[in-house]
$ cat entry_1.pdb   # PDB, C-alpha atoms
ATOM      1  CA  GLN I   1       2.294  12.776   2.021  1.00  0.00           C
ATOM      2  CA  VAL I   2       0.124   9.945   0.725  1.00  0.00           C
ATOM      3  CA  GLN I   3      -3.286   9.859   2.379  1.00  0.00           C
ATOM      4  CA  LEU I   4      -6.405   7.746   1.901  1.00  0.00           C
ATOM      5  CA  VAL I   5      -9.499   8.815   3.821  1.00  0.00           C
ATOM      6  CA  GLU I   6     -12.614   6.662   3.800  1.00  0.00           C
ATOM      7  CA  SER I   7     -16.139   7.787   4.593  1.00  0.00           C
ATOM      8  CA  GLY I   8     -19.727   6.675   4.169  1.00  0.00           C
ATOM      9  CA  GLY I   9     -19.971   3.721   6.503  1.00  0.00           C
ATOM     10  CA  GLY I  10     -22.790   3.207   8.964  1.00  0.00           C
ATOM     11  CA  LEU I  11     -25.615   0.992  10.141  1.00  0.00           C
ATOM     12  CA  VAL I  12     -27.978  -0.335   7.483  1.00  0.00           C
ATOM     13  CA  GLN I  13     -30.715  -2.953   7.428  1.00  0.00           C
ATOM     14  CA  PRO I  14     -30.333  -6.147   5.391  1.00  0.00           C
ATOM     15  CA  GLY I  15     -31.197  -5.472   1.766  1.00  0.00           C
ATOM     16  CA  GLY I  16     -30.177  -1.843   2.070  1.00  0.00           C
ATOM     17  CA  SER I  17     -27.481   0.150   0.309  1.00  0.00           C
ATOM     18  CA  LEU I  18     -24.484   2.278   1.196  1.00  0.00           C
ATOM     19  CA  ARG I  19     -21.894   4.139  -0.831  1.00  0.00           C
ATOM     20  CA  LEU I  20     -18.376   4.350   0.512  1.00  0.00           C
ATOM     21  CA  SER I  21     -15.922   7.021  -0.615  1.00  0.00           C
ATOM     22  CA  CYS I  22     -12.151   7.185  -0.403  1.00  0.00           C
ATOM     23  CA  ALA I  23     -10.485  10.548  -0.939  1.00  0.00           C
ATOM     24  CA  ALA I  24      -6.859  10.253  -2.017  1.00  0.00           C
ATOM     25  CA  SER I  25      -4.075  12.815  -1.853  1.00  0.00           C
ATOM     26  CA  GLY I  26      -0.312  13.052  -2.089  1.00  0.00           C
ATOM     27  CA  PHE I  27       0.100  11.101  -5.331  1.00  0.00           C
ATOM     28  CA  THR I  28      -1.075  11.100  -8.952  1.00  0.00           C
ATOM     29  CA  PHE I  29      -4.356   9.324  -8.305  1.00  0.00           C
ATOM     30  CA  SER I  30      -5.182   8.601 -11.943  1.00  0.00           C
ATOM     31  CA  SER I  31      -1.964   6.590 -12.362  1.00  0.00           C
ATOM     32  CA  TYR I  32      -2.738   3.984  -9.706  1.00  0.00           C
ATOM     33  CA  ALA I  33      -5.093   1.066  -9.381  1.00  0.00           C
ATOM     34  CA  MET I  34      -7.305   1.324  -6.313  1.00  0.00           C
ATOM     35  CA  ASN I  35      -8.712  -1.388  -4.079  1.00  0.00           C
ATOM     36  CA  TRP I  36     -11.315  -1.878  -1.401  1.00  0.00           C
ATOM     37  CA  TYR I  37     -10.687  -4.453   1.315  1.00  0.00           C
ATOM     38  CA  ARG I  38     -12.733  -5.457   4.323  1.00  0.00           C
ATOM     39  CA  GLN I  39     -12.047  -7.177   7.606  1.00  0.00           C
ATOM     40  CA  ALA I  40     -14.619  -8.672   9.933  1.00  0.00           C
ATOM     41  CA  PRO I  41     -13.829  -9.441  13.593  1.00  0.00           C
ATOM     42  CA  GLY I  42     -11.802 -12.612  13.874  1.00  0.00           C
ATOM     43  CA  LYS I  43     -11.351 -12.929  10.113  1.00  0.00           C
ATOM     44  CA  GLU I  44      -8.560 -12.144   7.669  1.00  0.00           C
ATOM     45  CA  ARG I  45      -8.625  -9.023   5.544  1.00  0.00           C
ATOM     46  CA  GLU I  46     -10.427  -9.763   2.282  1.00  0.00           C
ATOM     47  CA  LEU I  47     -10.094  -8.094  -1.133  1.00  0.00           C
ATOM     48  CA  VAL I  48     -13.523  -6.777  -2.120  1.00  0.00           C
ATOM     49  CA  ALA I  49     -12.949  -4.910  -5.371  1.00  0.00           C
ATOM     50  CA  THR I  50     -10.269  -3.470  -7.634  1.00  0.00           C
ATOM     51  CA  ILE I  51     -10.335  -0.801 -10.322  1.00  0.00           C
ATOM     52  CA  THR I  52      -7.493  -0.152 -12.729  1.00  0.00           C
ATOM     53  CA  THR I  53      -6.277   3.152 -14.103  1.00  0.00           C
ATOM     54  CA  ALA I  54      -6.734   3.968 -17.773  1.00  0.00           C
ATOM     55  CA  SER I  55      -9.405   1.504 -18.780  1.00  0.00           C
ATOM     56  CA  GLY I  56     -11.097   1.486 -15.399  1.00  0.00           C
ATOM     57  CA  SER I  57     -11.620  -2.245 -15.618  1.00  0.00           C
ATOM     58  CA  THR I  58     -12.890  -3.825 -12.421  1.00  0.00           C
ATOM     59  CA  ASN I  59     -12.643  -7.072 -10.502  1.00  0.00           C
ATOM     60  CA  TYR I  60     -14.654  -8.324  -7.526  1.00  0.00           C
ATOM     61  CA  GLY I  61     -14.492 -10.896  -4.807  1.00  0.00           C
ATOM     62  CA  ASP I  62     -16.905 -13.770  -5.293  1.00  0.00           C
ATOM     63  CA  SER I  63     -18.924 -12.848  -2.222  1.00  0.00           C
ATOM     64  CA  VAL I  64     -19.845  -9.398  -3.575  1.00  0.00           C
ATOM     65  CA  LYS I  65     -20.153  -9.958  -7.332  1.00  0.00           C
ATOM     66  CA  GLY I  66     -23.408  -8.575  -8.688  1.00  0.00           C
ATOM     67  CA  ARG I  67     -24.062  -6.531  -5.535  1.00  0.00           C
ATOM     68  CA  PHE I  68     -21.104  -4.138  -5.220  1.00  0.00           C
ATOM     69  CA  THR I  69     -19.728  -1.696  -7.786  1.00  0.00           C
ATOM     70  CA  ILE I  70     -16.376   0.041  -7.613  1.00  0.00           C
ATOM     71  CA  SER I  71     -15.844   3.273  -9.534  1.00  0.00           C
ATOM     72  CA  ARG I  72     -13.462   6.197  -9.596  1.00  0.00           C
ATOM     73  CA  ASP I  73     -13.551   9.913 -10.359  1.00  0.00           C
ATOM     74  CA  ASN I  74     -10.040  10.950 -11.318  1.00  0.00           C
ATOM     75  CA  ALA I  75     -11.015  14.641 -11.339  1.00  0.00           C
ATOM     76  CA  LYS I  76     -11.957  14.348  -7.660  1.00  0.00           C
ATOM     77  CA  ASN I  77      -9.198  11.900  -6.667  1.00  0.00           C
ATOM     78  CA  THR I  78     -11.872   9.667  -5.221  1.00  0.00           C
ATOM     79  CA  VAL I  79     -12.776   6.007  -5.447  1.00  0.00           C
ATOM     80  CA  TYR I  80     -16.232   4.740  -4.532  1.00  0.00           C
ATOM     81  CA  LEU I  81     -17.808   1.475  -3.507  1.00  0.00           C
ATOM     82  CA  GLN I  82     -21.541   1.233  -4.121  1.00  0.00           C
ATOM     83  CA  MET I  83     -22.935  -1.593  -2.014  1.00  0.00           C
ATOM     84  CA  ASN I  84     -26.425  -2.899  -2.716  1.00  0.00           C
ATOM     85  CA  SER I  85     -28.442  -5.798  -1.341  1.00  0.00           C
ATOM     86  CA  LEU I  86     -26.371  -5.759   1.802  1.00  0.00           C
ATOM     87  CA  LYS I  87     -26.270  -8.844   3.991  1.00  0.00           C
ATOM     88  CA  PRO I  88     -25.328  -9.291   7.650  1.00  0.00           C
ATOM     89  CA  GLU I  89     -22.170 -11.068   6.502  1.00  0.00           C
ATOM     90  CA  ASP I  90     -21.045  -7.836   4.813  1.00  0.00           C
ATOM     91  CA  THR I  91     -20.525  -6.364   8.271  1.00  0.00           C
ATOM     92  CA  ALA I  92     -16.867  -5.358   8.506  1.00  0.00           C
ATOM     93  CA  MET I  93     -14.388  -2.522   8.570  1.00  0.00           C
ATOM     94  CA  TYR I  94     -13.846  -1.398   4.991  1.00  0.00           C
ATOM     95  CA  TYR I  95     -10.463  -0.087   3.885  1.00  0.00           C
ATOM     96  CA  CYS I  96      -9.248   1.794   0.849  1.00  0.00           C
ATOM     97  CA  ASN I  97      -5.886   0.615  -0.481  1.00  0.00           C
ATOM     98  CA  ALA I  98      -3.296   1.386  -3.138  1.00  0.00           C
ATOM     99  CA  LEU I  99       0.279   0.405  -3.837  1.00  0.00           C
ATOM    100  CA  VAL I 100       1.949   3.814  -4.160  1.00  0.00           C
ATOM    101  CA  TYR I 101       5.690   4.370  -4.496  1.00  0.00           C
ATOM    102  CA  PHE I 102       6.197   0.640  -3.780  1.00  0.00           C
ATOM    103  CA  ILE I 103       4.499   0.902  -0.397  1.00  0.00           C
ATOM    104  CA  ASN I 104       1.088  -0.571   0.426  1.00  0.00           C
ATOM    105  CA  ARG I 105      -1.059   2.342   1.595  1.00  0.00           C
ATOM    106  CA  TRP I 106      -4.174   2.063   3.753  1.00  0.00           C
ATOM    107  CA  GLY I 107      -6.824   4.388   4.999  1.00  0.00           C
ATOM    108  CA  GLN I 108      -8.114   4.333   8.562  1.00  0.00           C
ATOM    109  CA  GLY I 109     -11.208   2.383   7.560  1.00  0.00           C
ATOM    110  CA  THR I 110     -14.938   2.957   7.774  1.00  0.00           C
ATOM    111  CA  GLN I 111     -17.272   0.604   9.655  1.00  0.00           C
ATOM    112  CA  VAL I 112     -20.223  -1.003   7.879  1.00  0.00           C
ATOM    113  CA  THR I 113     -22.771  -2.809  10.016  1.00  0.00           C
ATOM    114  CA  VAL I 114     -25.684  -4.668   8.442  1.00  0.00           C
ATOM    115  CA  SER I 115     -28.307  -5.528  11.016  1.00  0.00           C
ATOM    116  CA  SER I 116     -32.016  -5.325  11.627  1.00  0.00           C
TER     117      SER I 116
END

$ encode --input "entry_1.pdb" --output "structure tokens"
Amino acid sequence: QVQLVESGGGLVQPGGSLRLSCAASGFTFSSYAMNWYRQAPGKERELVATITTASGSTNYGDSVKGRFTISRDNAKNTVYLQMNSLKPEDTAMYYCNALVYFINRWGQGTQVTVSS
């Protein structure tokens, strides 16, 4: 059974940092690209970052470039999102995602709130 479980969200002040984790199971993690998405209330779900498999090359949405870093640990079946210099507009539910066995898989999400 494919599972993606996010953790690490919370309340942080503007300018602060958080690291999100997504623990994967039920598939060969190292063989799949992994993504982080986010969705704020009243807005569409937005792709935040992507990391590929072998080379581990990364890609970021324009709104987070230079502030967020996606990484993966294939030995731990985990993908991370390091978020620095957080802004109030980063407030959203953050989701881990992967296309596994031709089905788009999602975790339950972890809430990030940036507020003073």

$ atom_distance --input "entry_1.pdb" --atom1 "atom CA of Ala92 of chain I" --atom2 "atom CA of Ala33 of chain I"
22.4 Å

$ atom_distance --input "entry_1.pdb" --atom1 "atom CA of Ser116 of chain I" --atom2 "atom CA of Gln13 of chain I"
5.0 Å

$ resolve_selection --input "entry_1.pdb" --expression "the PyMOL selection byres ((chain I and resi 45-54) around 6)" --output "number ranges by chain"
I: 30-39, 44, 55-61

$ write_last_selection --input "entry_1.pdb" --atoms "C-alpha atoms" --output "CSV table (one decimal), keeping the file's coordinate frame"
chain,number,residue,atom,x,y,z
I,30,SER,CA,-5.2,8.6,-11.9
I,31,SER,CA,-2.0,6.6,-12.4
I,32,TYR,CA,-2.7,4.0,-9.7
I,33,ALA,CA,-5.1,1.1,-9.4
I,34,MET,CA,-7.3,1.3,-6.3
I,35,ASN,CA,-8.7,-1.4,-4.1
I,36,TRP,CA,-11.3,-1.9,-1.4
I,37,TYR,CA,-10.7,-4.5,1.3
I,38,ARG,CA,-12.7,-5.5,4.3
I,39,GLN,CA,-12.0,-7.2,7.6
I,44,GLU,CA,-8.6,-12.1,7.7
I,55,SER,CA,-9.4,1.5,-18.8
I,56,GLY,CA,-11.1,1.5,-15.4
I,57,SER,CA,-11.6,-2.2,-15.6
I,58,THR,CA,-12.9,-3.8,-12.4
I,59,ASN,CA,-12.6,-7.1,-10.5
I,60,TYR,CA,-14.7,-8.3,-7.5
I,61,GLY,CA,-14.5,-10.9,-4.8

$ closest_residue --input "entry_1.pdb" --among "I:Asn104, I:Cys22, I:Lys87, I:Val112" --to "Ser71 of chain I" --atoms "only C-alpha atoms"
I:Cys22

$ atom_distance --input "entry_1.pdb" --atom1 "atom CA of Gly42 of chain I" --atom2 "atom CA of Asp90 of chain I"
13.8 Å

$ closest_residue --input "entry_1.pdb" --among "I:Val100, I:Tyr95, I:Gln82, I:Ser63" --to "Ser25 of chain I" --atoms "only C-alpha atoms"
I:Val100

$ resolve_selection --input "entry_1.pdb" --expression "the PyMOL selection byres ((chain I and resi 24) around 8)" --output "ChimeraX atom specification"
/I:2-5,22-23,25-27,29,77-78

$ closest_residue --input "entry_1.pdb" --among "I:Cys96, I:Ile70, I:Asp62, I:Ile103" --to "Asn84 of chain I" --atoms "all atoms listed in the file"
I:Ile70

$ residues_around --input "entry_1.pdb" --residues "Thr110 of chain I" --least-positions-apart "5" --cutoff "8 Å" --atoms "all atoms listed in the file" --output "VMD selection string"
chain I and resid 6 to 10 93 to 95

$ axis_aligned_box --input "entry_1.pdb" --around "segment 33-43 of chain I" --padding-each-side "6 Å" --output "AutoDock Vina command-line options"
--center_x -9.9 --center_y -5.8 --center_z 2.2 --size_x 21.5 --size_y 26.3 --size_z 35.3

$ resolve_selection --input "entry_1.pdb" --expression "the PyMOL selection byres ((chain I and resi 83) around 7)" --output "JSON, numbers by chain"
{"I": [17, 18, 19, 67, 68, 69, 81, 82, 84, 85, 86]}
